[in-house]
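Coordinates from coords.pdb are shown below (PDB, C-alpha atoms).
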```pdb
ATOM      1  CA  MET A   1       8.443 -17.461  -1.513
ATOM      2  CA  THR A   2      10.722 -15.393  -3.710
ATOM      3  CA  SER A   3      11.673 -11.776  -3.044
ATOM      4  CA  THR A   4       8.855  -9.276  -3.102
ATOM      5  CA  ALA A   5       8.077  -7.467  -6.309
ATOM      6  CA  LYS A   6       8.264  -4.226  -4.429
ATOM      7  CA  SER A   7      12.040  -4.455  -4.397
ATOM      8  CA  SER A   8      11.938  -3.352  -8.019
ATOM      9  CA  ARG A   9      10.921   0.132  -6.976
ATOM     10  CA  SER A  10      12.925  -0.102  -3.710
ATOM     11  CA  ARG A  11      10.281   1.914  -1.836
ATOM     12  CA  THR A  12      12.011   5.105  -2.909
ATOM     13  CA  ARG A  13      10.165   5.581  -6.204
ATOM     14  CA  HIS A  14      13.211   7.357  -7.585
ATOM     15  CA  THR A  15      16.174   6.362  -9.728
ATOM     16  CA  GLY A  16      19.805   7.186  -9.101
ATOM     17  CA  ALA A  17      19.358  10.253 -11.287
ATOM     18  CA  ALA A  18      17.100  11.733  -8.662
ATOM     19  CA  ALA A  19      19.819  11.386  -6.059
ATOM     20  CA  VAL A  20      22.272  13.126  -8.368
ATOM     21  CA  ALA A  21      19.813  15.954  -8.866
ATOM     22  CA  LEU A  22      19.377  16.226  -5.122
ATOM     23  CA  THR A  23      23.118  16.471  -4.642
ATOM     24  CA  ALA A  24      23.345  19.256  -7.178
ATOM     25  CA  ALA A  25      20.530  21.108  -5.485
ATOM     26  CA  ALA A  26      21.559  20.433  -1.893
ATOM     27  CA  ALA A  27      21.323  24.063  -0.906
ATOM     28  CA  LEU A  28      17.692  24.157  -1.951
ATOM     29  CA  LEU A  29      16.948  21.207   0.287
ATOM     30  CA  ALA A  30      18.407  22.820   3.359
ATOM     31  CA  GLY A  31      15.059  24.064   4.624
ATOM     32  CA  CYS A  32      13.232  20.731   4.426
ATOM     33  CA  SER A  33      13.495  19.714   8.095
ATOM     34  CA  SER A  34      10.285  19.494  10.080
ATOM     35  CA  ASP A  35      11.944  21.211  13.033
ATOM     36  CA  GLY A  36      12.994  24.197  10.961
ATOM     37  CA  THR A  37      16.714  23.416  10.956
ATOM     38  CA  SER A  38      18.752  24.220   7.883
ATOM     39  CA  ASP A  39      20.835  21.024   7.825
ATOM     40  CA  ASN A  40      21.765  19.708   4.402
ATOM     41  CA  PRO A  41      20.077  16.262   4.231
ATOM     42  CA  LEU A  42      23.100  14.870   2.376
ATOM     43  CA  ASP A  43      25.551  16.081   5.043
ATOM     44  CA  SER A  44      27.539  13.048   6.204
ATOM     45  CA  GLU A  45      28.792  14.547   9.466
ATOM     46  CA  LYS A  46      27.894  12.519  12.536
ATOM     47  CA  ALA A  47      25.112  13.792  14.749
ATOM     48  CA  GLU A  48      25.891  15.925  17.758
ATOM     49  CA  THR A  49      26.255  13.779  20.866
ATOM     50  CA  GLY A  50      22.863  13.287  22.492
ATOM     51  CA  THR A  51      20.882  14.211  19.363
ATOM     52  CA  VAL A  52      18.794  11.598  17.582
ATOM     53  CA  VAL A  53      18.746  12.310  13.844
ATOM     54  CA  VAL A  54      15.671  10.978  12.044
ATOM     55  CA  GLY A  55      16.004  10.659   8.283
ATOM     56  CA  SER A  56      13.594   9.999   5.439
ATOM     57  CA  ASN A  57      13.754   9.019   1.805
ATOM     58  CA  ASN A  58      12.355  11.375  -0.805
ATOM     59  CA  PHE A  59       8.698  10.409  -0.961
ATOM     60  CA  ALA A  60       5.735  11.589   1.069
ATOM     61  CA  GLU A  61       5.068   8.481   3.144
ATOM     62  CA  SER A  62       8.679   8.269   4.314
ATOM     63  CA  THR A  63       8.563  11.906   5.460
ATOM     64  CA  LEU A  64       5.342  11.240   7.373
ATOM     65  CA  LEU A  65       6.775   8.163   9.065
ATOM     66  CA  ALA A  66       9.940  10.044   9.990
ATOM     67  CA  ASP A  67       7.824  12.753  11.625
ATOM     68  CA  ILE A  68       5.900  10.104  13.568
ATOM     69  CA  TYR A  69       9.138   8.537  14.786
ATOM     70  CA  GLY A  70      10.738  11.858  15.621
ATOM     71  CA  GLU A  71       7.797  13.247  17.567
ATOM     72  CA  ALA A  72       7.384   9.961  19.459
ATOM     73  CA  LEU A  73      11.031  10.281  20.513
ATOM     74  CA  ARG A  74      10.577  13.926  21.500
ATOM     75  CA  ALA A  75       7.631  12.895  23.678
ATOM     76  CA  LYS A  76      10.113  10.814  25.682
ATOM     77  CA  GLY A  77      12.373  13.818  26.196
ATOM     78  CA  LEU A  78      14.971  13.019  23.540
ATOM     79  CA  ASN A  79      16.658  15.738  21.505
ATOM     80  CA  VAL A  80      15.620  15.184  17.862
ATOM     81  CA  SER A  81      16.609  16.697  14.532
ATOM     82  CA  TYR A  82      15.483  15.756  11.028
ATOM     83  CA  LYS A  83      17.097  15.098   7.671
ATOM     84  CA  HIS A  84      14.209  14.768   5.237
ATOM     85  CA  ASN A  85      14.049  13.934   1.534
ATOM     86  CA  ILE A  86      17.523  12.467   1.334
ATOM     87  CA  GLY A  87      17.123  10.290  -1.739
ATOM     88  CA  SER A  88      17.470   6.605  -2.530
ATOM     89  CA  ARG A  89      18.218   3.688  -0.210
ATOM     90  CA  GLU A  90      21.773   3.616  -1.557
ATOM     91  CA  THR A  91      22.290   7.065  -0.020
ATOM     92  CA  THR A  92      20.356   6.650   3.214
ATOM     93  CA  TYR A  93      21.910   3.282   4.036
ATOM     94  CA  GLY A  94      25.378   4.785   3.780
ATOM     95  CA  LEU A  95      24.397   7.655   6.078
ATOM     96  CA  MET A  96      22.955   5.177   8.560
ATOM     97  CA  LYS A  97      26.181   3.158   8.591
ATOM     98  CA  ASN A  98      28.415   6.156   9.267
ATOM     99  CA  GLY A  99      26.163   7.512  12.016
ATOM    100  CA  SER A 100      24.910  10.610  10.204
ATOM    101  CA  ILE A 101      21.365   9.296  10.686
ATOM    102  CA  THR A 102      20.153   7.541  13.830
ATOM    103  CA  VAL A 103      16.699   6.384  12.754
ATOM    104  CA  LEU A 104      15.135   5.704   9.354
ATOM    105  CA  PRO A 105      11.688   4.313   8.501
ATOM    106  CA  GLU A 106      12.221   1.199   6.392
ATOM    107  CA  TYR A 107      10.227  -1.617   4.766
ATOM    108  CA  ASN A 108      11.573  -4.973   5.876
ATOM    109  CA  GLY A 109      11.086  -7.002   2.682
ATOM    110  CA  ALA A 110      12.394  -4.266   0.399
ATOM    111  CA  LEU A 111      15.414  -3.751   2.648
ATOM    112  CA  LEU A 112      16.160  -7.483   2.539
ATOM    113  CA  SER A 113      15.913  -7.439  -1.254
ATOM    114  CA  TYR A 114      18.423  -4.578  -1.285
ATOM    115  CA  LEU A 115      20.835  -6.412   1.008
ATOM    116  CA  ASP A 116      20.329  -9.846  -0.580
ATOM    117  CA  PRO A 117      18.316  -9.909  -3.835
ATOM    118  CA  LYS A 118      18.115 -13.722  -3.764
ATOM    119  CA  ALA A 119      16.775 -14.057  -0.232
ATOM    120  CA  GLY A 120      13.456 -15.805   0.289
ATOM    121  CA  GLN A 121      10.640 -14.312   2.351
ATOM    122  CA  GLU A 122       8.650 -16.930   4.255
ATOM    123  CA  SER A 123       7.353 -14.761   7.112
ATOM    124  CA  ALA A 124       7.770 -11.254   8.482
ATOM    125  CA  GLU A 125       9.768 -12.640  11.402
ATOM    126  CA  ALA A 126      12.070 -14.607   9.102
ATOM    127  CA  VAL A 127      12.551 -11.529   6.919
ATOM    128  CA  ASN A 128      13.591  -9.465   9.921
ATOM    129  CA  GLU A 129      16.061 -12.094  11.093
ATOM    130  CA  ALA A 130      17.534 -12.292   7.593
ATOM    131  CA  VAL A 131      17.857  -8.499   7.456
ATOM    132  CA  LYS A 132      19.612  -8.380  10.830
ATOM    133  CA  ALA A 133      22.085 -11.004   9.638
ATOM    134  CA  LYS A 134      22.920  -8.927   6.550
ATOM    135  CA  LEU A 135      22.975  -5.450   8.117
ATOM    136  CA  ASP A 136      26.131  -3.527   8.888
ATOM    137  CA  LYS A 137      27.200  -4.381  12.448
ATOM    138  CA  ALA A 138      26.422  -0.830  13.610
ATOM    139  CA  LEU A 139      22.751  -1.171  12.631
ATOM    140  CA  THR A 140      19.709  -3.155  13.673
ATOM    141  CA  LEU A 141      15.963  -3.350  13.127
ATOM    142  CA  LEU A 142      13.434  -2.683  15.857
ATOM    143  CA  GLU A 143       9.996  -4.291  15.959
ATOM    144  CA  SER A 144       7.994  -4.241  12.733
ATOM    145  CA  SER A 145       4.529  -2.730  12.555
ATOM    146  CA  PRO A 146       1.577  -4.530  10.978
ATOM    147  CA  ALA A 147       1.440  -1.630   8.490
ATOM    148  CA  GLU A 148       2.569  -2.623   5.008
ATOM    149  CA  ASP A 149       2.988  -0.685   1.791
ATOM    150  CA  LYS A 150       3.276  -3.297  -0.954
ATOM    151  CA  ASP A 151       1.811  -4.501  -4.224
ATOM    152  CA  SER A 152      -1.800  -5.630  -4.232
ATOM    153  CA  VAL A 153      -4.519  -6.588  -6.651
ATOM    154  CA  SER A 154      -7.273  -4.042  -6.144
ATOM    155  CA  VAL A 155     -10.612  -3.718  -7.893
ATOM    156  CA  ASN A 156     -12.617  -0.575  -8.581
ATOM    157  CA  ALA A 157     -15.853   0.269  -6.796
ATOM    158  CA  GLU A 158     -18.032  -0.754  -9.761
ATOM    159  CA  THR A 159     -16.457  -4.198  -9.958
ATOM    160  CA  ALA A 160     -16.584  -4.685  -6.200
ATOM    161  CA  GLU A 161     -20.289  -3.854  -6.081
ATOM    162  CA  LYS A 162     -21.112  -6.028  -9.094
ATOM    163  CA  HIS A 163     -19.393  -9.090  -7.660
ATOM    164  CA  GLY A 164     -19.932  -8.535  -3.932
ATOM    165  CA  LEU A 165     -16.279  -7.964  -3.104
ATOM    166  CA  THR A 166     -15.425  -6.288   0.212
ATOM    167  CA  ASP A 167     -12.371  -5.470   2.320
ATOM    168  CA  ALA A 168     -12.651  -9.021   3.684
ATOM    169  CA  SER A 169     -12.390 -10.598   0.218
ATOM    170  CA  THR A 170      -9.235 -12.399  -0.874
ATOM    171  CA  LEU A 171      -7.546 -13.033  -4.194
ATOM    172  CA  ALA A 172      -9.082 -16.503  -4.155
ATOM    173  CA  ASP A 173     -12.500 -14.859  -4.467
ATOM    174  CA  LEU A 174     -11.557 -13.728  -7.983
ATOM    175  CA  LYS A 175     -11.146 -17.240  -9.367
ATOM    176  CA  ASP A 176     -14.605 -17.524 -10.927
ATOM    177  CA  ILE A 177     -14.828 -13.920 -12.146
ATOM    178  CA  ALA A 178     -11.247 -13.289 -13.314
ATOM    179  CA  PRO A 179     -12.055 -14.498 -16.893
ATOM    180  CA  ASP A 180     -14.405 -11.504 -17.210
ATOM    181  CA  LEU A 181     -11.879  -8.932 -15.888
ATOM    182  CA  VAL A 182      -9.107  -6.913 -17.497
ATOM    183  CA  ILE A 183      -6.161  -6.426 -15.140
ATOM    184  CA  GLY A 184      -3.596  -3.625 -15.399
ATOM    185  CA  GLY A 185      -0.095  -3.000 -14.134
ATOM    186  CA  SER A 186       3.471  -2.385 -15.198
ATOM    187  CA  PRO A 187       4.684  -4.360 -18.242
ATOM    188  CA  GLU A 188       6.835  -6.453 -15.878
ATOM    189  CA  PHE A 189       3.776  -7.438 -13.834
ATOM    190  CA  GLN A 190       2.659  -9.613 -16.753
ATOM    191  CA  THR A 191       5.704 -11.889 -16.534
ATOM    192  CA  ARG A 192       6.694 -11.804 -12.846
ATOM    193  CA  GLN A 193       6.024 -14.483 -10.271
ATOM    194  CA  GLN A 194       4.817 -11.595  -8.077
ATOM    195  CA  GLY A 195       2.387 -10.777 -10.896
ATOM    196  CA  LEU A 196       0.238 -12.704 -13.363
ATOM    197  CA  LYS A 197       2.390 -15.840 -13.218
ATOM    198  CA  GLY A 198       2.056 -16.085  -9.462
ATOM    199  CA  LEU A 199      -1.622 -15.135  -9.455
ATOM    200  CA  GLU A 200      -2.306 -18.098 -11.734
ATOM    201  CA  ALA A 201       0.050 -20.531  -9.996
ATOM    202  CA  VAL A 202      -0.958 -19.651  -6.420
ATOM    203  CA  TYR A 203      -4.598 -18.607  -6.751
ATOM    204  CA  GLY A 204      -5.647 -20.110 -10.105
ATOM    205  CA  LEU A 205      -6.510 -16.720 -11.599
ATOM    206  CA  LYS A 206      -6.773 -16.394 -15.376
ATOM    207  CA  PHE A 207      -7.828 -12.909 -16.460
ATOM    208  CA  LYS A 208      -9.592 -11.906 -19.659
ATOM    209  CA  SER A 209      -6.612  -9.784 -20.691
ATOM    210  CA  PHE A 210      -3.754  -7.651 -19.400
ATOM    211  CA  LYS A 211      -3.260  -3.917 -20.022
ATOM    212  CA  ALA A 212       0.298  -2.597 -19.698
ATOM    213  CA  LEU A 213       0.318   0.662 -17.695
ATOM    214  CA  ASP A 214       2.777   1.855 -15.030
ATOM    215  CA  ALA A 215       3.932   0.623 -11.611
ATOM    216  CA  GLY A 216       0.963   1.662  -9.506
ATOM    217  CA  GLY A 217       1.207   5.219 -10.777
ATOM    218  CA  PRO A 218      -1.203   7.693 -12.403
ATOM    219  CA  LEU A 219      -1.817   5.590 -15.530
ATOM    220  CA  THR A 220      -2.854   2.589 -13.467
ATOM    221  CA  GLN A 221      -4.919   4.694 -11.081
ATOM    222  CA  ALA A 222      -6.753   6.418 -13.951
ATOM    223  CA  ALA A 223      -7.413   3.194 -15.847
ATOM    224  CA  LEU A 224      -8.906   1.559 -12.760
ATOM    225  CA  THR A 225     -10.980   4.634 -11.918
ATOM    226  CA  GLN A 226     -12.343   4.870 -15.472
ATOM    227  CA  ASN A 227     -13.029   1.117 -15.625
ATOM    228  CA  GLU A 228     -10.617   0.597 -18.511
ATOM    229  CA  VAL A 229      -9.334  -2.156 -16.264
ATOM    230  CA  GLN A 230     -11.366  -3.731 -13.491
ATOM    231  CA  ALA A 231      -8.412  -4.915 -11.412
ATOM    232  CA  ALA A 232      -4.896  -3.519 -11.076
ATOM    233  CA  ASP A 233      -1.608  -3.618  -9.189
ATOM    234  CA  ILE A 234      -2.013  -0.806  -6.647
ATOM    235  CA  PHE A 235       0.237  -0.198  -3.640
ATOM    236  CA  THR A 236      -1.594  -0.809  -0.385
ATOM    237  CA  THR A 237      -1.212   2.671   1.126
ATOM    238  CA  ASP A 238      -1.937   4.604  -2.080
ATOM    239  CA  PRO A 239      -4.410   7.386  -1.113
ATOM    240  CA  THR A 240      -6.263   6.772  -4.385
ATOM    241  CA  ILE A 241      -7.708   3.698  -2.659
ATOM    242  CA  VAL A 242      -9.585   5.977  -0.277
ATOM    243  CA  LYS A 243     -10.471   8.610  -2.853
ATOM    244  CA  GLU A 244     -11.862   6.212  -5.454
ATOM    245  CA  LYS A 245     -13.152   3.518  -3.052
ATOM    246  CA  PHE A 246     -10.979   0.773  -4.512
ATOM    247  CA  VAL A 247     -11.162  -2.577  -2.730
ATOM    248  CA  VAL A 248      -7.794  -4.143  -1.876
ATOM    249  CA  LEU A 249      -8.013  -7.934  -1.999
ATOM    250  CA  LYS A 250      -6.246  -9.802   0.786
ATOM    251  CA  ASP A 251      -3.268 -11.986  -0.083
ATOM    252  CA  PRO A 252      -3.350 -14.862   2.467
ATOM    253  CA  GLU A 253      -0.632 -16.804   0.633
ATOM    254  CA  ASN A 254       1.751 -13.796   0.763
ATOM    255  CA  LEU A 255       2.409 -13.866  -2.958
ATOM    256  CA  PHE A 256       3.564 -10.247  -2.781
ATOM    257  CA  GLY A 257       5.984 -10.851   0.074
ATOM    258  CA  PHE A 258       6.407  -8.591   3.084
ATOM    259  CA  ALA A 259       6.777  -4.829   3.375
ATOM    260  CA  ASN A 260       6.205  -4.041   7.043
ATOM    261  CA  VAL A 261       7.097  -0.530   8.170
ATOM    262  CA  THR A 262      10.075  -1.042  10.483
ATOM    263  CA  PRO A 263      12.496   1.349  12.218
ATOM    264  CA  LEU A 264      16.118   0.934  11.118
ATOM    265  CA  VAL A 265      18.397   2.312  13.833
ATOM    266  CA  HIS A 266      22.053   2.951  14.609
ATOM    267  CA  LYS A 267      22.585   0.839  17.715
ATOM    268  CA  ASP A 268      24.905   3.137  19.665
ATOM    269  CA  ALA A 269      22.966   6.362  19.110
ATOM    270  CA  LEU A 270      19.480   5.446  20.349
ATOM    271  CA  PRO A 271      18.926   4.998  24.109
ATOM    272  CA  LYS A 272      16.537   2.406  25.553
ATOM    273  CA  GLU A 273      13.722   4.922  26.006
ATOM    274  CA  GLY A 274      13.982   5.678  22.300
ATOM    275  CA  VAL A 275      13.840   1.994  21.392
ATOM    276  CA  ASP A 276      10.764   1.570  23.586
ATOM    277  CA  ALA A 277       9.094   4.618  22.022
ATOM    278  CA  LEU A 278       9.567   3.368  18.467
ATOM    279  CA  ASN A 279       8.445  -0.153  19.337
ATOM    280  CA  ALA A 280       5.296   1.380  20.833
ATOM    281  CA  VAL A 281       4.659   3.194  17.534
ATOM    282  CA  SER A 282       5.055  -0.069  15.623
ATOM    283  CA  ALA A 283       2.567  -1.794  17.908
ATOM    284  CA  LYS A 284      -0.113   0.796  17.061
ATOM    285  CA  LEU A 285       0.495   1.384  13.343
ATOM    286  CA  ASP A 286      -1.444  -0.786  10.900
ATOM    287  CA  THR A 287      -2.033  -0.537   7.155
ATOM    288  CA  GLU A 288      -5.501   0.986   7.484
ATOM    289  CA  THR A 289      -4.139   3.705   9.760
ATOM    290  CA  LEU A 290      -1.186   4.450   7.495
ATOM    291  CA  LEU A 291      -3.478   4.664   4.477
ATOM    292  CA  ASP A 292      -5.633   7.213   6.306
ATOM    293  CA  LEU A 293      -2.601   9.265   7.369
ATOM    294  CA  ASP A 294      -1.190   9.197   3.820
ATOM    295  CA  ALA A 295      -4.539  10.415   2.495
ATOM    296  CA  GLN A 296      -4.506  13.346   4.913
ATOM    297  CA  VAL A 297      -1.068  14.386   3.678
ATOM    298  CA  GLN A 298      -1.369  13.628  -0.039
ATOM    299  CA  LEU A 299      -5.050  14.315  -0.733
ATOM    300  CA  GLU A 300      -6.010  16.838   1.937
ATOM    301  CA  LYS A 301      -2.576  18.533   1.743
ATOM    302  CA  LYS A 302      -2.097  18.629   5.503
ATOM    303  CA  ASP A 303       1.362  19.205   6.953
ATOM    304  CA  PRO A 304       2.882  15.764   7.706
ATOM    305  CA  LEU A 305       4.234  17.005  11.024
ATOM    306  CA  ASP A 306       0.744  18.073  12.106
ATOM    307  CA  VAL A 307      -0.685  14.726  10.966
ATOM    308  CA  ALA A 308       2.034  12.870  12.860
ATOM    309  CA  LYS A 309       1.410  14.804  16.087
ATOM    310  CA  ALA A 310      -2.359  14.329  15.871
ATOM    311  CA  TRP A 311      -2.056  10.580  15.356
ATOM    312  CA  LEU A 312       0.440  10.156  18.193
ATOM    313  CA  LYS A 313      -1.960  11.985  20.499
ATOM    314  CA  SER A 314      -4.907   9.848  19.393
ATOM    315  CA  ALA A 315      -2.829   6.693  19.956
ATOM    316  CA  GLY A 316      -1.730   7.800  23.428
ATOM    317  CA  LEU A 317       1.890   8.097  22.367
ATOM    318  CA  ASP A 318       2.451  11.846  22.771
TER     319      ASP A 318
END
```

Encoded form using structure tokens:
Amino acid sequence: MTSTAKSSRSRTRHTGAAAVALTAAAALLAGCSSDGTSDNPLDSEKAETGTVVVGSNNFAESTLLADIYGEALRAKGLNVSYKHNIGSRETTYGLMKNGSITVLPEYNGALLSYLDPKAGQESAEAVNEAVKAKLDKALTLLESSPAEDKDSVSVNAETAEKHGLTDASTLADLKDIAPDLVIGGSPEFQTRQQGLKGLEAVYGLKFKSFKALDAGGPLTQAALTQNEVQAADIFTTDPTIVKEKFVVLKDPENLFGFANVTPLVHKDALPKEGVDALNAVSAKLDTETLLDLDAQVQLEKKDPLDVAKAWLKSAGLD
């Protein structure tokens, strides 16, 4: 298996220009912490002794996951502060290495692609071992959750009903009907192994045609909703799935690689009770749950900290 296609967007959904803009506007970001602190998220000073600093990249799901991690740690009596909306992996990884951040929600396959773009991805366990071998010696991964946010082929509700596709259906179930379907995605999806080439080689899928849109963004979402395409590359925790009743087809051959939500931690700054708390979160967090939590934040406009606290309580982790 080659590296996951998701490495192309690096799970930050932002280019380096966004990080530059954040640096220029650092003062405006000072009030972003969930705990009300005014710390600059780009501040590279090491955390105060005894304080666990939880960071997040600058997209909604990362902020939510950081709040889940932070509140799980607080429930164990640890002193926690937040640095939210930092920017790209290039920035957050540097802050992790120098100890400015203690904990960061990561995606194992995307992190491996960042550390070693040529690395293969045969299993989640193998990905994690490969990441650990490439990480800075001050850092390590904790246990991965079953929750993944990665590329998928999803169909709209009309197509699912017409062809009897359900949440239990796999990509293989499209083989006989693919010639009648238009599939959409980014222009690169048409030529990537983790795209049309792989769908044909691994699952034998030959679609009626391909419509070039964007990388799981509003163009793709709208085209699938309006039935301009019947199948599309949609990320597995996109709240549009819930809103529009898209059906995500399972990928048993792992064509799209691995993207398990996994805590990245600074070894010396997180005590054992913190490690245990985050591993307990990973054990409870699956893709269906994360999709629901994302929908609460992004569609229902709930405060991510409130969503995090409510889920931790429901999971017995508060």

Check your understanding: In Å to one decimal, how far is CA of Gln121 (chain A) from CA of Thr191 (chain A)?
Key ->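 Pair CA of Thr191 (chain A) / CA of Gln121 (chain A) returns 19.7 Å.
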
Using the chain letters and numbers from this file, what does the PyMOL selection byres ((chain A and resi 296-309) around 12) select? Give the answer as a compact mmCIF listing (two decimals) with C-alpha atoms, in the frame of the given file.
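Final file, result.txt:
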```txt
# COMPACT_ATOMS: atom_id res chain seq x y z
CA CYS A 32 13.23 20.73 4.43
CA SER A 33 13.50 19.71 8.10
CA SER A 34 10.28 19.49 10.08
CA ASP A 35 11.94 21.21 13.03
CA GLY A 36 12.99 24.20 10.96
CA PHE A 59 8.70 10.41 -0.96
CA ALA A 60 5.74 11.59 1.07
CA GLU A 61 5.07 8.48 3.14
CA SER A 62 8.68 8.27 4.31
CA THR A 63 8.56 11.91 5.46
CA LEU A 64 5.34 11.24 7.37
CA LEU A 65 6.78 8.16 9.06
CA ALA A 66 9.94 10.04 9.99
CA ASP A 67 7.82 12.75 11.62
CA ILE A 68 5.90 10.10 13.57
CA TYR A 69 9.14 8.54 14.79
CA GLY A 70 10.74 11.86 15.62
CA GLU A 71 7.80 13.25 17.57
CA ALA A 72 7.38 9.96 19.46
CA LEU A 73 11.03 10.28 20.51
CA ARG A 74 10.58 13.93 21.50
CA ALA A 75 7.63 12.90 23.68
CA TYR A 82 15.48 15.76 11.03
CA HIS A 84 14.21 14.77 5.24
CA THR A 237 -1.21 2.67 1.13
CA ASP A 238 -1.94 4.60 -2.08
CA PRO A 239 -4.41 7.39 -1.11
CA THR A 240 -6.26 6.77 -4.38
CA ILE A 241 -7.71 3.70 -2.66
CA VAL A 242 -9.59 5.98 -0.28
CA LYS A 243 -10.47 8.61 -2.85
CA GLU A 244 -11.86 6.21 -5.45
CA VAL A 281 4.66 3.19 17.53
CA LEU A 285 0.50 1.38 13.34
CA THR A 289 -4.14 3.70 9.76
CA LEU A 290 -1.19 4.45 7.50
CA LEU A 291 -3.48 4.66 4.48
CA ASP A 292 -5.63 7.21 6.31
CA LEU A 293 -2.60 9.26 7.37
CA ASP A 294 -1.19 9.20 3.82
CA ALA A 295 -4.54 10.42 2.50
CA ALA A 310 -2.36 14.33 15.87
CA TRP A 311 -2.06 10.58 15.36
CA LEU A 312 0.44 10.16 18.19
CA LYS A 313 -1.96 11.98 20.50
CA SER A 314 -4.91 9.85 19.39
CA ALA A 315 -2.83 6.69 19.96
CA GLY A 316 -1.73 7.80 23.43
CA LEU A 317 1.89 8.10 22.37
CA ASP A 318 2.45 11.85 22.77
```

Please evaluate the PyMOL selection byres ((chain A and resi 257) around 12) against the displayed coordinates and give the resulting residues as a compact mmCIF listing (two decimals) with C-alpha atoms, keeping the file's coordinate frame.
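See expr_11.txt below for the written result:
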```
# COMPACT_ATOMS: atom_id res chain seq x y z
CA MET A 1 8.44 -17.46 -1.51
CA THR A 2 10.72 -15.39 -3.71
CA SER A 3 11.67 -11.78 -3.04
CA THR A 4 8.86 -9.28 -3.10
CA ALA A 5 8.08 -7.47 -6.31
CA LYS A 6 8.26 -4.23 -4.43
CA SER A 7 12.04 -4.46 -4.40
CA TYR A 107 10.23 -1.62 4.77
CA ASN A 108 11.57 -4.97 5.88
CA GLY A 109 11.09 -7.00 2.68
CA ALA A 110 12.39 -4.27 0.40
CA LEU A 112 16.16 -7.48 2.54
CA SER A 113 15.91 -7.44 -1.25
CA ALA A 119 16.77 -14.06 -0.23
CA GLY A 120 13.46 -15.80 0.29
CA GLN A 121 10.64 -14.31 2.35
CA GLU A 122 8.65 -16.93 4.26
CA SER A 123 7.35 -14.76 7.11
CA ALA A 124 7.77 -11.25 8.48
CA ALA A 126 12.07 -14.61 9.10
CA VAL A 127 12.55 -11.53 6.92
CA GLU A 148 2.57 -2.62 5.01
CA ASP A 149 2.99 -0.68 1.79
CA LYS A 150 3.28 -3.30 -0.95
CA ASP A 151 1.81 -4.50 -4.22
CA SER A 152 -1.80 -5.63 -4.23
CA GLN A 193 6.02 -14.48 -10.27
CA GLN A 194 4.82 -11.60 -8.08
CA GLY A 195 2.39 -10.78 -10.90
CA GLY A 198 2.06 -16.08 -9.46
CA ASP A 251 -3.27 -11.99 -0.08
CA PRO A 252 -3.35 -14.86 2.47
CA GLU A 253 -0.63 -16.80 0.63
CA ASN A 254 1.75 -13.80 0.76
CA LEU A 255 2.41 -13.87 -2.96
CA PHE A 256 3.56 -10.25 -2.78
CA PHE A 258 6.41 -8.59 3.08
CA ALA A 259 6.78 -4.83 3.38
CA ASN A 260 6.20 -4.04 7.04
```

Return as AutoDock Vina command-line options the box centre and box size in Å, one decimal, for an axis-aligned box around all listed atoms of region 268-278 of chain A padded by 5 Å per side.
```
--center_x 17.0 --center_y 4.0 --center_z 22.2 --size_x 25.8 --size_y 14.8 --size_z 17.5
```

Check your understanding: Expressed in Å to a single decimal, how great is the separation between CA of Thr236 (chain A) and CA of Leu135 (chain A)?
Key ->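 Calculated distance between CA of Thr236 (chain A) and CA of Leu135 (chain A) is 26.4 Å.
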
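Residues in contact range of Gly274 (chain A), defined as at most 12 Å between all atoms listed in the file, with sequence neighbours fewer than 5 positions away removed, read Gly50, Thr51, Val52, Val53, Val54, Tyr69, Gly70, Glu71, Ala72, Leu73, Arg74, Ala75, Lys76, Gly77, Leu78, Asn79, Val80, Thr102, Val103, Leu142, Pro263, Val265, His266, Lys267, Asp268, Ala269, Asn279, Ala280 and Val281 of chain A.
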
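Straight-line separation from CA of Gly184 (chain A) to CA of Leu171 (chain A): 15.2 Å.
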
Point to revise | Matched chain/residue IDs from the PyMOL selection byres ((chain A and resi 95) around 12), as a PyMOL selection string | key: chain A and resi 41-47+53-57+83+86-94+96-104+136+138-139+264-266

Exercise for review: Choose the residue, out of A:Thr166, A:Lys197, A:Ala283, A:Tyr114, that has the smallest atom-to-atom separation from Ala130 (chain A); count only C-alpha atoms.
Suggested key: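 Under the stated criterion, the closest residue is A:Tyr114.
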
Review point. When distances are computed from only C-alpha atoms, which of A:Val182, A:Ala223, A:Val229, A:Leu165 shows the smallest separation from Val248 (chain A)?
Key: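 Smallest separation from Val248 (chain A) among the options: A:Leu165.
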
Check your understanding: Closest to His163 (chain A) among A:Val261, A:Leu115, A:Val247, A:Val275, using all atoms listed in the file?
Key ->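 Among the listed residues, A:Val247 lies closest to His163 (chain A).
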
Practice item. Using all atoms listed in the file, pick whichever of A:Leu278, A:Ala168, A:Ala212, A:Val155 has the shortest atom-to-atom distance to Leu196 (chain A). Key: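 The shortest atom-to-atom distance to Leu196 (chain A) comes from A:Ala212.
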
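Nearest residue to Ser209 (chain A), choosing from A:Asp116, A:Glu188, A:Asp233, A:Asp180 and counting only C-alpha atoms: A:Asp180.
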
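With all atoms listed in the file as the atoms that count, the residue of A:Pro187, A:Pro117, A:Pro105, A:Pro271 with the shortest distance to Ala215 (chain A) is A:Pro187.
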